[in-house]
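Next comes protein_15.pdb, with PDB, C-alpha atoms.
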ATOM      1  CA  MET A 515      33.707  63.778  -1.119  1.00  0.00           C
ATOM      2  CA  PHE A 516      37.521  63.565  -1.378  1.00  0.00           C
ATOM      3  CA  ASP A 517      39.904  66.261  -0.164  1.00  0.00           C
ATOM      4  CA  GLY A 518      42.444  65.479  -2.890  1.00  0.00           C
ATOM      5  CA  ASN A 519      44.976  64.231  -0.375  1.00  0.00           C
ATOM      6  CA  LYS A 520      43.972  61.388   1.933  1.00  0.00           C
ATOM      7  CA  LEU A 521      40.596  62.180   3.513  1.00  0.00           C
ATOM      8  CA  ALA A 522      37.244  61.097   2.092  1.00  0.00           C
ATOM      9  CA  TRP A 523      33.645  61.219   3.332  1.00  0.00           C
ATOM     10  CA  SER A 524      30.637  59.217   2.264  1.00  0.00           C
ATOM     11  CA  LEU A 525      26.910  59.612   2.932  1.00  0.00           C
ATOM     12  CA  ILE A 526      26.492  55.845   2.934  1.00  0.00           C
ATOM     13  CA  GLU A 527      28.393  53.145   4.797  1.00  0.00           C
ATOM     14  CA  LEU A 528      30.926  51.610   2.401  1.00  0.00           C
ATOM     15  CA  PRO A 529      30.852  47.806   2.200  1.00  0.00           C
ATOM     16  CA  ILE A 530      34.452  47.395   3.397  1.00  0.00           C
ATOM     17  CA  GLY A 531      34.082  46.737   7.126  1.00  0.00           C
ATOM     18  CA  ASP A 532      36.673  48.556   9.218  1.00  0.00           C
ATOM     19  CA  GLN A 533      39.413  48.414   6.580  1.00  0.00           C
ATOM     20  CA  LEU A 534      40.087  47.450   2.977  1.00  0.00           C
ATOM     21  CA  SER A 535      43.675  46.708   1.978  1.00  0.00           C
ATOM     22  CA  MET A 536      44.821  45.693  -1.489  1.00  0.00           C
ATOM     23  CA  VAL A 537      47.712  45.942  -3.928  1.00  0.00           C
ATOM     24  CA  ILE A 538      46.820  47.465  -7.287  1.00  0.00           C
ATOM     25  CA  ASP A 539      48.941  47.056 -10.410  1.00  0.00           C
ATOM     26  CA  LEU A 540      48.198  50.158 -12.485  1.00  0.00           C
ATOM     27  CA  ASP A 541      49.555  48.451 -15.591  1.00  0.00           C
ATOM     28  CA  GLU A 542      47.047  45.606 -15.317  1.00  0.00           C
ATOM     29  CA  GLY A 543      43.939  47.785 -15.063  1.00  0.00           C
ATOM     30  CA  GLU A 544      43.275  46.714 -11.461  1.00  0.00           C
ATOM     31  CA  LEU A 545      42.606  50.305 -10.457  1.00  0.00           C
ATOM     32  CA  LEU A 546      39.591  50.353 -12.745  1.00  0.00           C
ATOM     33  CA  ASP A 547      38.384  47.060 -11.261  1.00  0.00           C
ATOM     34  CA  PHE A 548      38.756  48.588  -7.805  1.00  0.00           C
ATOM     35  CA  LEU A 549      36.825  51.709  -8.777  1.00  0.00           C
ATOM     36  CA  PHE A 550      34.136  49.664 -10.506  1.00  0.00           C
ATOM     37  CA  SER A 551      33.364  47.867  -7.269  1.00  0.00           C
ATOM     38  CA  PHE A 552      32.341  51.208  -5.733  1.00  0.00           C
ATOM     39  CA  ALA A 553      30.885  52.968  -8.783  1.00  0.00           C
ATOM     40  CA  THR A 554      28.789  50.712 -10.974  1.00  0.00           C
ATOM     41  CA  ALA A 555      28.033  53.614 -13.287  1.00  0.00           C
ATOM     42  CA  LEU A 556      31.565  53.330 -14.708  1.00  0.00           C
ATOM     43  CA  THR A 557      31.151  49.723 -15.905  1.00  0.00           C
ATOM     44  CA  ASN A 558      30.787  50.690 -19.553  1.00  0.00           C
ATOM     45  CA  ILE A 559      34.526  50.162 -20.204  1.00  0.00           C
ATOM     46  CA  LYS A 560      34.844  46.812 -21.977  1.00  0.00           C
ATOM     47  CA  ASP A 561      37.515  44.155 -21.447  1.00  0.00           C
ATOM     48  CA  ASP A 562      38.834  44.579 -25.014  1.00  0.00           C
ATOM     49  CA  GLU A 563      39.519  48.262 -24.260  1.00  0.00           C
ATOM     50  CA  ARG A 564      41.614  47.200 -21.258  1.00  0.00           C
ATOM     51  CA  ALA A 565      43.562  44.780 -23.444  1.00  0.00           C
ATOM     52  CA  LYS A 566      44.506  47.624 -25.826  1.00  0.00           C
ATOM     53  CA  ARG A 567      46.372  49.468 -23.067  1.00  0.00           C
ATOM     54  CA  SER A 568      50.146  49.222 -23.310  1.00  0.00           C
ATOM     55  CA  LYS A 569      51.932  47.215 -20.650  1.00  0.00           C
ATOM     56  CA  THR A 570      55.289  48.448 -19.443  1.00  0.00           C
ATOM     57  CA  PRO A 571      57.926  46.233 -17.827  1.00  0.00           C
ATOM     58  CA  ARG A 572      58.351  48.476 -14.763  1.00  0.00           C
ATOM     59  CA  ASP A 573      56.799  47.612 -11.421  1.00  0.00           C
ATOM     60  CA  ASN A 574      53.763  49.842 -11.029  1.00  0.00           C
ATOM     61  CA  LYS A 575      52.157  48.216  -7.992  1.00  0.00           C
ATOM     62  CA  HIS A 576      50.758  50.288  -5.152  1.00  0.00           C
ATOM     63  CA  ARG A 577      49.302  49.297  -1.793  1.00  0.00           C
ATOM     64  CA  ILE A 578      45.944  50.942  -1.116  1.00  0.00           C
ATOM     65  CA  VAL A 579      44.426  51.042   2.362  1.00  0.00           C
ATOM     66  CA  ILE A 580      40.981  52.473   2.993  1.00  0.00           C
ATOM     67  CA  ARG A 581      40.220  52.670   6.686  1.00  0.00           C
ATOM     68  CA  LYS A 582      37.096  53.929   8.358  1.00  0.00           C
ATOM     69  CA  ALA A 583      38.261  56.668  10.699  1.00  0.00           C
ATOM     70  CA  GLY A 584      34.934  57.563  12.239  1.00  0.00           C
ATOM     71  CA  THR A 585      31.634  59.307  11.804  1.00  0.00           C
ATOM     72  CA  VAL A 586      31.114  63.049  11.543  1.00  0.00           C
ATOM     73  CA  PRO A 587      28.956  63.926  14.578  1.00  0.00           C
ATOM     74  CA  MET A 588      26.877  66.783  13.165  1.00  0.00           C
ATOM     75  CA  GLN A 589      24.383  66.426  16.061  1.00  0.00           C
ATOM     76  CA  VAL A 590      27.229  67.279  18.485  1.00  0.00           C
ATOM     77  CA  LEU A 591      28.023  70.422  16.487  1.00  0.00           C
ATOM     78  CA  ASP A 592      24.333  71.343  16.530  1.00  0.00           C
ATOM     79  CA  ALA A 593      24.148  70.799  20.306  1.00  0.00           C
ATOM     80  CA  TYR A 594      27.248  72.962  20.797  1.00  0.00           C
ATOM     81  CA  LEU A 595      25.835  75.764  18.649  1.00  0.00           C
ATOM     82  CA  ASN A 596      22.566  75.637  20.614  1.00  0.00           C
ATOM     83  CA  GLY A 597      24.457  75.907  23.922  1.00  0.00           C
ATOM     84  CA  LYS A 598      23.476  72.415  25.128  1.00  0.00           C
ATOM     85  CA  ILE A 599      27.055  71.116  25.465  1.00  0.00           C
ATOM     86  CA  ASP A 600      30.499  72.619  25.984  1.00  0.00           C
ATOM     87  CA  TYR A 601      33.198  72.591  23.333  1.00  0.00           C
ATOM     88  CA  ASP A 602      35.021  69.294  22.892  1.00  0.00           C
ATOM     89  CA  PRO A 603      37.129  67.714  20.099  1.00  0.00           C
ATOM     90  CA  THR A 604      34.074  66.136  18.421  1.00  0.00           C
ATOM     91  CA  VAL A 605      32.740  69.646  17.727  1.00  0.00           C
ATOM     92  CA  LEU A 606      35.942  70.332  15.791  1.00  0.00           C
ATOM     93  CA  VAL A 607      35.353  67.193  13.658  1.00  0.00           C
ATOM     94  CA  GLY A 608      32.029  68.671  12.466  1.00  0.00           C
ATOM     95  CA  ILE A 609      33.584  72.085  11.786  1.00  0.00           C
ATOM     96  CA  ASN A 610      36.481  70.493   9.851  1.00  0.00           C
ATOM     97  CA  PHE A 611      34.006  68.547   7.712  1.00  0.00           C
ATOM     98  CA  LEU A 612      32.071  71.746   6.876  1.00  0.00           C
ATOM     99  CA  ASP A 613      35.374  73.477   6.120  1.00  0.00           C
ATOM    100  CA  HIS A 614      36.252  70.767   3.567  1.00  0.00           C
ATOM    101  CA  LEU A 615      32.714  70.831   2.170  1.00  0.00           C
ATOM    102  CA  ILE A 616      32.818  74.556   1.328  1.00  0.00           C
ATOM    103  CA  ARG A 617      36.196  74.078  -0.393  1.00  0.00           C
ATOM    104  CA  GLU A 618      35.117  71.190  -2.633  1.00  0.00           C
ATOM    105  CA  THR A 619      33.572  73.195  -5.503  1.00  0.00           C
ATOM    106  CA  PRO A 620      36.132  76.071  -5.661  1.00  0.00           C
ATOM    107  CA  ALA A 621      38.973  73.512  -5.646  1.00  0.00           C
ATOM    108  CA  LYS A 622      37.663  72.127  -8.949  1.00  0.00           C
ATOM    109  CA  LYS A 623      37.633  75.535 -10.667  1.00  0.00           C
ATOM    110  CA  TYR A 624      40.612  77.391  -9.173  1.00  0.00           C
ATOM    111  CA  VAL A 625      44.162  76.578  -8.037  1.00  0.00           C
ATOM    112  CA  PRO A 626      43.825  75.463  -4.402  1.00  0.00           C
ATOM    113  CA  ILE A 627      46.544  75.999  -1.803  1.00  0.00           C
ATOM    114  CA  LYS A 628      45.337  74.919   1.650  1.00  0.00           C
ATOM    115  CA  ARG A 629      42.292  77.126   2.373  1.00  0.00           C
ATOM    116  CA  SER A 630      42.946  79.602  -0.445  1.00  0.00           C
ATOM    117  CA  PHE A 631      41.961  79.573  -4.121  1.00  0.00           C
ATOM    118  CA  TYR A 632      43.787  81.448  -6.872  1.00  0.00           C
ATOM    119  CA  SER A 633      43.011  82.458 -10.436  1.00  0.00           C
ATOM    120  CA  ARG A 634      45.440  83.608 -13.090  1.00  0.00           C
ATOM    121  CA  THR A 635      42.845  86.117 -14.303  1.00  0.00           C
ATOM    122  CA  GLY A 636      44.213  89.593 -13.625  1.00  0.00           C
ATOM    123  CA  CYS A 637      47.640  88.354 -12.529  1.00  0.00           C
ATOM    124  CA  ARG A 638      50.483  90.857 -12.273  1.00  0.00           C
ATOM    125  CA  GLU A 639      53.930  90.091 -13.645  1.00  0.00           C
ATOM    126  CA  LEU A 640      56.803  90.559 -11.222  1.00  0.00           C
ATOM    127  CA  GLU A 641      60.553  90.350 -11.778  1.00  0.00           C
ATOM    128  CA  GLY A 642      62.466  87.099 -11.947  1.00  0.00           C
ATOM    129  CA  GLY A 643      59.884  84.982 -13.759  1.00  0.00           C
ATOM    130  CA  VAL A 644      57.245  85.318 -11.064  1.00  0.00           C
ATOM    131  CA  GLU A 645      53.577  86.368 -11.239  1.00  0.00           C
ATOM    132  CA  ALA A 646      51.305  87.545  -8.427  1.00  0.00           C
ATOM    133  CA  TRP A 647      47.875  85.876  -8.516  1.00  0.00           C
ATOM    134  CA  LYS A 648      44.901  87.159  -6.562  1.00  0.00           C
ATOM    135  CA  GLY A 649      42.669  84.771  -4.725  1.00  0.00           C
ATOM    136  CA  ILE A 650      40.405  84.252  -1.748  1.00  0.00           C
ATOM    137  CA  PHE A 651      40.838  82.558   1.597  1.00  0.00           C
ATOM    138  CA  GLN A 652      37.810  80.932   3.200  1.00  0.00           C
ATOM    139  CA  SER A 653      37.105  78.937   6.338  1.00  0.00           C
ATOM    140  CA  ILE A 654      34.264  78.071   8.709  1.00  0.00           C
ATOM    141  CA  ARG A 655      34.566  79.209  12.327  1.00  0.00           C
ATOM    142  CA  ALA A 656      32.444  78.884  15.424  1.00  0.00           C
ATOM    143  CA  ALA A 657      31.489  82.327  16.756  1.00  0.00           C
ATOM    144  CA  GLN A 658      30.028  83.571  20.009  1.00  0.00           C
ATOM    145  CA  GLY A 659      26.306  83.299  20.318  1.00  0.00           C
ATOM    146  CA  GLY A 660      26.064  79.804  18.888  1.00  0.00           C
ATOM    147  CA  ARG A 661      26.729  80.696  15.281  1.00  0.00           C
ATOM    148  CA  LEU A 662      28.955  79.449  12.520  1.00  0.00           C
ATOM    149  CA  ILE A 663      30.562  82.120  10.394  1.00  0.00           C
ATOM    150  CA  MET A 664      32.399  81.938   7.096  1.00  0.00           C
ATOM    151  CA  ASN A 665      35.640  83.863   7.148  1.00  0.00           C
ATOM    152  CA  VAL A 666      36.458  85.137   3.636  1.00  0.00           C
ATOM    153  CA  ASP A 667      39.480  87.276   2.866  1.00  0.00           C
ATOM    154  CA  VAL A 668      41.472  88.423  -0.158  1.00  0.00           C
ATOM    155  CA  THR A 669      44.902  86.902  -0.626  1.00  0.00           C
ATOM    156  CA  THR A 670      47.764  87.148  -3.105  1.00  0.00           C
ATOM    157  CA  SER A 671      50.449  84.565  -3.781  1.00  0.00           C
ATOM    158  CA  CYS A 672      53.375  84.219  -6.149  1.00  0.00           C
ATOM    159  CA  PHE A 673      53.517  81.612  -8.910  1.00  0.00           C
ATOM    160  CA  TRP A 674      56.181  80.837 -11.483  1.00  0.00           C
ATOM    161  CA  ARG A 675      55.385  82.366 -14.852  1.00  0.00           C
ATOM    162  CA  GLU A 676      54.422  79.927 -17.606  1.00  0.00           C
ATOM    163  CA  GLY A 677      57.027  79.273 -20.256  1.00  0.00           C
ATOM    164  CA  SER A 678      60.002  77.153 -21.187  1.00  0.00           C
ATOM    165  CA  LEU A 679      62.628  76.266 -18.627  1.00  0.00           C
ATOM    166  CA  ILE A 680      65.260  78.254 -20.543  1.00  0.00           C
ATOM    167  CA  GLU A 681      63.121  81.412 -20.524  1.00  0.00           C
ATOM    168  CA  LEU A 682      62.362  80.961 -16.819  1.00  0.00           C
ATOM    169  CA  ALA A 683      66.052  80.476 -15.986  1.00  0.00           C
ATOM    170  CA  LEU A 684      66.938  83.603 -17.961  1.00  0.00           C
ATOM    171  CA  ASN A 685      64.239  85.578 -16.133  1.00  0.00           C
ATOM    172  CA  VAL A 686      65.332  84.338 -12.706  1.00  0.00           C
ATOM    173  CA  GLY A 687      68.979  85.128 -13.522  1.00  0.00           C
ATOM    174  CA  LYS A 688      67.951  88.482 -15.052  1.00  0.00           C
ATOM    175  CA  VAL A 689      69.805  87.602 -18.251  1.00  0.00           C
ATOM    176  CA  CYS A 690      68.553  89.038 -21.518  1.00  0.00           C
ATOM    177  CA  LYS A 691      68.760  87.094 -24.763  1.00  0.00           C
ATOM    178  CA  SER A 692      71.437  89.435 -26.118  1.00  0.00           C
ATOM    179  CA  SER A 693      73.851  88.515 -23.296  1.00  0.00           C
ATOM    180  CA  PRO A 694      76.962  86.556 -24.327  1.00  0.00           C
ATOM    181  CA  ILE A 695      76.141  83.300 -22.485  1.00  0.00           C
ATOM    182  CA  ASP A 696      75.528  80.890 -25.383  1.00  0.00           C
ATOM    183  CA  PRO A 697      73.515  82.316 -28.238  1.00  0.00           C
ATOM    184  CA  TYR A 698      73.119  78.902 -29.885  1.00  0.00           C
ATOM    185  CA  LEU A 699      71.352  77.553 -26.794  1.00  0.00           C
ATOM    186  CA  ILE A 700      69.037  80.568 -26.501  1.00  0.00           C
ATOM    187  CA  ASP A 701      68.154  80.661 -30.202  1.00  0.00           C
ATOM    188  CA  GLN A 702      66.993  77.050 -30.068  1.00  0.00           C
ATOM    189  CA  TYR A 703      64.196  78.011 -27.719  1.00  0.00           C
TER
END

Can I see the file as structure tokens?
Amino acid sequence: MFDGNKLAWSLIELPIGDQLSMVIDLDEGELLDFLFSFATALTNIKDDERAKRSKTPRDNKHRIVIRKAGTVPMQVLDAYLNGKIDYDPTVLVGINFLDHLIRETPAKKYVPIKRSFYSRTGCRELEGGVEAWKGIFQSIRAAQGGRLIMNVDVTTSCFWREGSLIELALNVGKVCKSSPIDPYLIDQY
């Protein structure tokens, strides 16, 4: 599972030791070679398909470092919830993992912003080229009595309205198309 930023979890121990460091040239197809070493199911891309890709003269090399940060101690979380141990930072590691786990599926379907997920369905247009989108906030919390609870709440956030840059600028500046700014420029878009 990948959080979309820089954290990843795996059910199995990856064959990289404590750290894997490499430089990948995206123009040479090395990223695919790197991914193939971890996902053999993707090996159906043939070498001749790689050769067809266009090569650009720019430097497109990136340093990748994958480092094992630790193990998620779910047994510590279980012991805490059963009242066998007091709260410590390793309990938070288990809660953070569960928090990321419950966000994995909604993040693929909706627009994620931290712990909230938004959908354009039912959005409300506001002034200045902005729309209000409804969404939900969710998180896992430890509660009294040795329980985990899911906190779910309704949230609303503003997003820029879809459209051309000219239309957006006119909306933000509250300028209508009949204003004498430059009709040739407006009529083009």

## Note on the structure
Among A:Ser524, A:Asn596, A:Thr619, A:Asn685, Gly659 (chain A) is approached most closely, using all atoms listed in the file, by A:Asn596

Enclose the full set of atoms of region 603-607 of chain A listed in the file within a box whose edges lie along x, y and z, apply 8 Å of padding to each of the six sides, and report centre and edge lengths in Å to one decimal as JSON.
{"center_x": 34.9, "center_y": 68.2, "center_z": 16.9, "size_x": 20.4, "size_y": 20.2, "size_z": 22.4}

### Query
So how far away is CA of Arg629 (chain A) from CA of Gly643 (chain A), in Å?
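The value is 25.1 Å.
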
#### Entry: Output of the PyMOL selection byres ((chain A and resi 647) around 8), listed as number ranges by chain
A: 632-638, 645-646, 648-649, 670-673

### Task
Return the single residue from A:Val579, A:Trp674, A:Ser630, A:Gly687 that is closest to Glu618 (chain A), with distances computed using all atoms listed in the file.
A:Ser630

### Task
To verify the selection step, state as a VMD selection string which residues the PyMOL selection byres ((chain A and resi 517) around 10) yields on this input.
chain A and resid 515 to 516 518 to 523 614 to 615 617 to 618 621

### Message
For this structure, which residues satisfy the selection - the PyMOL selection byres ((chain A and resi 650) around 6) - when it is evaluated on the file as given? I want them as number ranges by chain.
### Response
A: 630-631, 649, 651, 667-669

#### Entry: Separation of CA of Gly608 (chain A) from CA of Val590 (chain A), in Å and rounded to one decimal
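Result for CA of Gly608 (chain A) versus CA of Val590 (chain A): 7.8 Å, one decimal.
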
### Residue with smallest distance to Asp539 (chain A) - pool A:Ser653, A:Thr604, A:Asn574, A:Gln658, counting only C-alpha atoms
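Closest candidate: A:Asn574.
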
### Atom pair CA of Thr585 (chain A) / CA of Arg655 (chain A): separation (Å)
20.1 Å

### Task
Please provide as a list in words all residues within 12 Å of Gly660 (chain A), with the sequence filter that same-chain residues fewer than 6 positions apart are discarded (counting all atoms listed in the file).
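In the requested format, the answer is Leu591, Asp592, Ala593, Tyr594, Leu595, Asn596, Gly597, Lys598, Ile599, Asp600 and Tyr601 of chain A.
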
### Message
Nearest residue to Ala583 (chain A) out of A:Met664, A:Leu612, A:Asp532, A:Glu676, using only C-alpha atoms?
### Response
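Counting only C-alpha atoms, the residue closest to Ala583 (chain A) is A:Asp532.
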
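For the residues A:Gln652, A:Ser535, A:Val586, A:Gly642, ranking by smallest atom-to-atom distance to Pro620 (chain A) using all atoms listed in the file places A:Gln652 first.
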
Kindly output region 601-612 of chain A as a JSON list (two decimals), keeping the file's coordinate frame, after building all heavy atoms.
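Result file rebuild-v5.json:
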[["chain", "number", "residue", "atom", "x", "y", "z"],
["A", 601, "TYR", "N", 32.31, 72.94, 24.44],
["A", 601, "TYR", "CA", 33.20, 72.59, 23.33],
["A", 601, "TYR", "C", 34.01, 71.36, 23.70],
["A", 601, "TYR", "O", 34.54, 71.25, 24.80],
["A", 601, "TYR", "CB", 34.13, 73.76, 23.02],
["A", 601, "TYR", "CG", 35.06, 73.48, 21.89],
["A", 601, "TYR", "CD1", 34.66, 73.68, 20.57],
["A", 601, "TYR", "CD2", 36.34, 72.98, 22.11],
["A", 601, "TYR", "CE1", 35.50, 73.40, 19.51],
["A", 601, "TYR", "CE2", 37.19, 72.71, 21.06],
["A", 601, "TYR", "CZ", 36.77, 72.91, 19.77],
["A", 601, "TYR", "OH", 37.60, 72.63, 18.73],
["A", 602, "ASP", "N", 34.12, 70.43, 22.75],
["A", 602, "ASP", "CA", 35.02, 69.29, 22.89],
["A", 602, "ASP", "C", 35.55, 68.93, 21.51],
["A", 602, "ASP", "O", 35.09, 69.49, 20.50],
["A", 602, "ASP", "CB", 34.36, 68.10, 23.60],
["A", 602, "ASP", "CG", 33.25, 67.44, 22.81],
["A", 602, "ASP", "OD1", 33.24, 67.55, 21.58],
["A", 602, "ASP", "OD2", 32.41, 66.80, 23.44],
["A", 603, "PRO", "N", 36.52, 68.02, 21.40],
["A", 603, "PRO", "CA", 37.13, 67.71, 20.10],
["A", 603, "PRO", "C", 36.15, 67.21, 19.03],
["A", 603, "PRO", "O", 36.40, 67.39, 17.84],
["A", 603, "PRO", "CB", 38.16, 66.63, 20.43],
["A", 603, "PRO", "CG", 38.51, 66.88, 21.85],
["A", 603, "PRO", "CD", 37.25, 67.36, 22.50],
["A", 604, "THR", "N", 35.03, 66.61, 19.43],
["A", 604, "THR", "CA", 34.07, 66.14, 18.42],
["A", 604, "THR", "C", 33.37, 67.30, 17.72],
["A", 604, "THR", "O", 32.93, 67.16, 16.59],
["A", 604, "THR", "CB", 33.02, 65.19, 19.03],
["A", 604, "THR", "OG1", 32.37, 65.84, 20.11],
["A", 604, "THR", "CG2", 33.67, 63.90, 19.51],
["A", 605, "VAL", "N", 33.29, 68.45, 18.38],
["A", 605, "VAL", "CA", 32.74, 69.65, 17.73],
["A", 605, "VAL", "C", 33.66, 70.06, 16.58],
["A", 605, "VAL", "O", 33.19, 70.41, 15.49],
["A", 605, "VAL", "CB", 32.58, 70.79, 18.75],
["A", 605, "VAL", "CG1", 32.20, 72.09, 18.07],
["A", 605, "VAL", "CG2", 31.56, 70.42, 19.82],
["A", 606, "LEU", "N", 34.96, 69.98, 16.81],
["A", 606, "LEU", "CA", 35.94, 70.33, 15.79],
["A", 606, "LEU", "C", 35.85, 69.40, 14.58],
["A", 606, "LEU", "O", 36.06, 69.85, 13.44],
["A", 606, "LEU", "CB", 37.35, 70.30, 16.37],
["A", 606, "LEU", "CG", 38.48, 70.77, 15.46],
["A", 606, "LEU", "CD1", 38.25, 72.20, 14.99],
["A", 606, "LEU", "CD2", 39.81, 70.64, 16.17],
["A", 607, "VAL", "N", 35.51, 68.13, 14.77],
["A", 607, "VAL", "CA", 35.35, 67.19, 13.66],
["A", 607, "VAL", "C", 34.25, 67.69, 12.72],
["A", 607, "VAL", "O", 34.41, 67.69, 11.50],
["A", 607, "VAL", "CB", 35.06, 65.76, 14.16],
["A", 607, "VAL", "CG1", 34.70, 64.84, 13.02],
["A", 607, "VAL", "CG2", 36.24, 65.22, 14.94],
["A", 608, "GLY", "N", 33.12, 68.14, 13.28],
["A", 608, "GLY", "CA", 32.03, 68.67, 12.47],
["A", 608, "GLY", "C", 32.42, 69.95, 11.73],
["A", 608, "GLY", "O", 32.08, 70.13, 10.56],
["A", 609, "ILE", "N", 33.14, 70.83, 12.42],
["A", 609, "ILE", "CA", 33.58, 72.08, 11.79],
["A", 609, "ILE", "C", 34.58, 71.79, 10.66],
["A", 609, "ILE", "O", 34.51, 72.39, 9.59],
["A", 609, "ILE", "CB", 34.17, 73.04, 12.84],
["A", 609, "ILE", "CG1", 33.07, 73.53, 13.79],
["A", 609, "ILE", "CG2", 34.87, 74.22, 12.17],
["A", 609, "ILE", "CD1", 33.56, 74.33, 14.97],
["A", 610, "ASN", "N", 35.51, 70.86, 10.89],
["A", 610, "ASN", "CA", 36.48, 70.49, 9.85],
["A", 610, "ASN", "C", 35.79, 69.91, 8.62],
["A", 610, "ASN", "O", 36.17, 70.20, 7.49],
["A", 610, "ASN", "CB", 37.51, 69.49, 10.38],
["A", 610, "ASN", "CG", 38.55, 70.16, 11.24],
["A", 610, "ASN", "OD1", 38.78, 71.36, 11.15],
["A", 610, "ASN", "ND2", 39.17, 69.38, 12.10],
["A", 611, "PHE", "N", 34.75, 69.10, 8.84],
["A", 611, "PHE", "CA", 34.01, 68.55, 7.71],
["A", 611, "PHE", "C", 33.35, 69.68, 6.90],
["A", 611, "PHE", "O", 33.46, 69.71, 5.68],
["A", 611, "PHE", "CB", 32.93, 67.57, 8.18],
["A", 611, "PHE", "CG", 31.96, 67.22, 7.10],
["A", 611, "PHE", "CD1", 32.33, 66.38, 6.06],
["A", 611, "PHE", "CD2", 30.69, 67.75, 7.09],
["A", 611, "PHE", "CE1", 31.44, 66.07, 5.04],
["A", 611, "PHE", "CE2", 29.79, 67.45, 6.08],
["A", 611, "PHE", "CZ", 30.18, 66.60, 5.05],
["A", 612, "LEU", "N", 32.70, 70.62, 7.58],
["A", 612, "LEU", "CA", 32.07, 71.75, 6.88],
["A", 612, "LEU", "C", 33.12, 72.58, 6.14],
["A", 612, "LEU", "O", 32.87, 73.08, 5.04],
["A", 612, "LEU", "CB", 31.27, 72.61, 7.85],
["A", 612, "LEU", "CG", 30.03, 71.96, 8.45],
["A", 612, "LEU", "CD1", 29.41, 72.89, 9.49],
["A", 612, "LEU", "CD2", 29.03, 71.62, 7.36]]
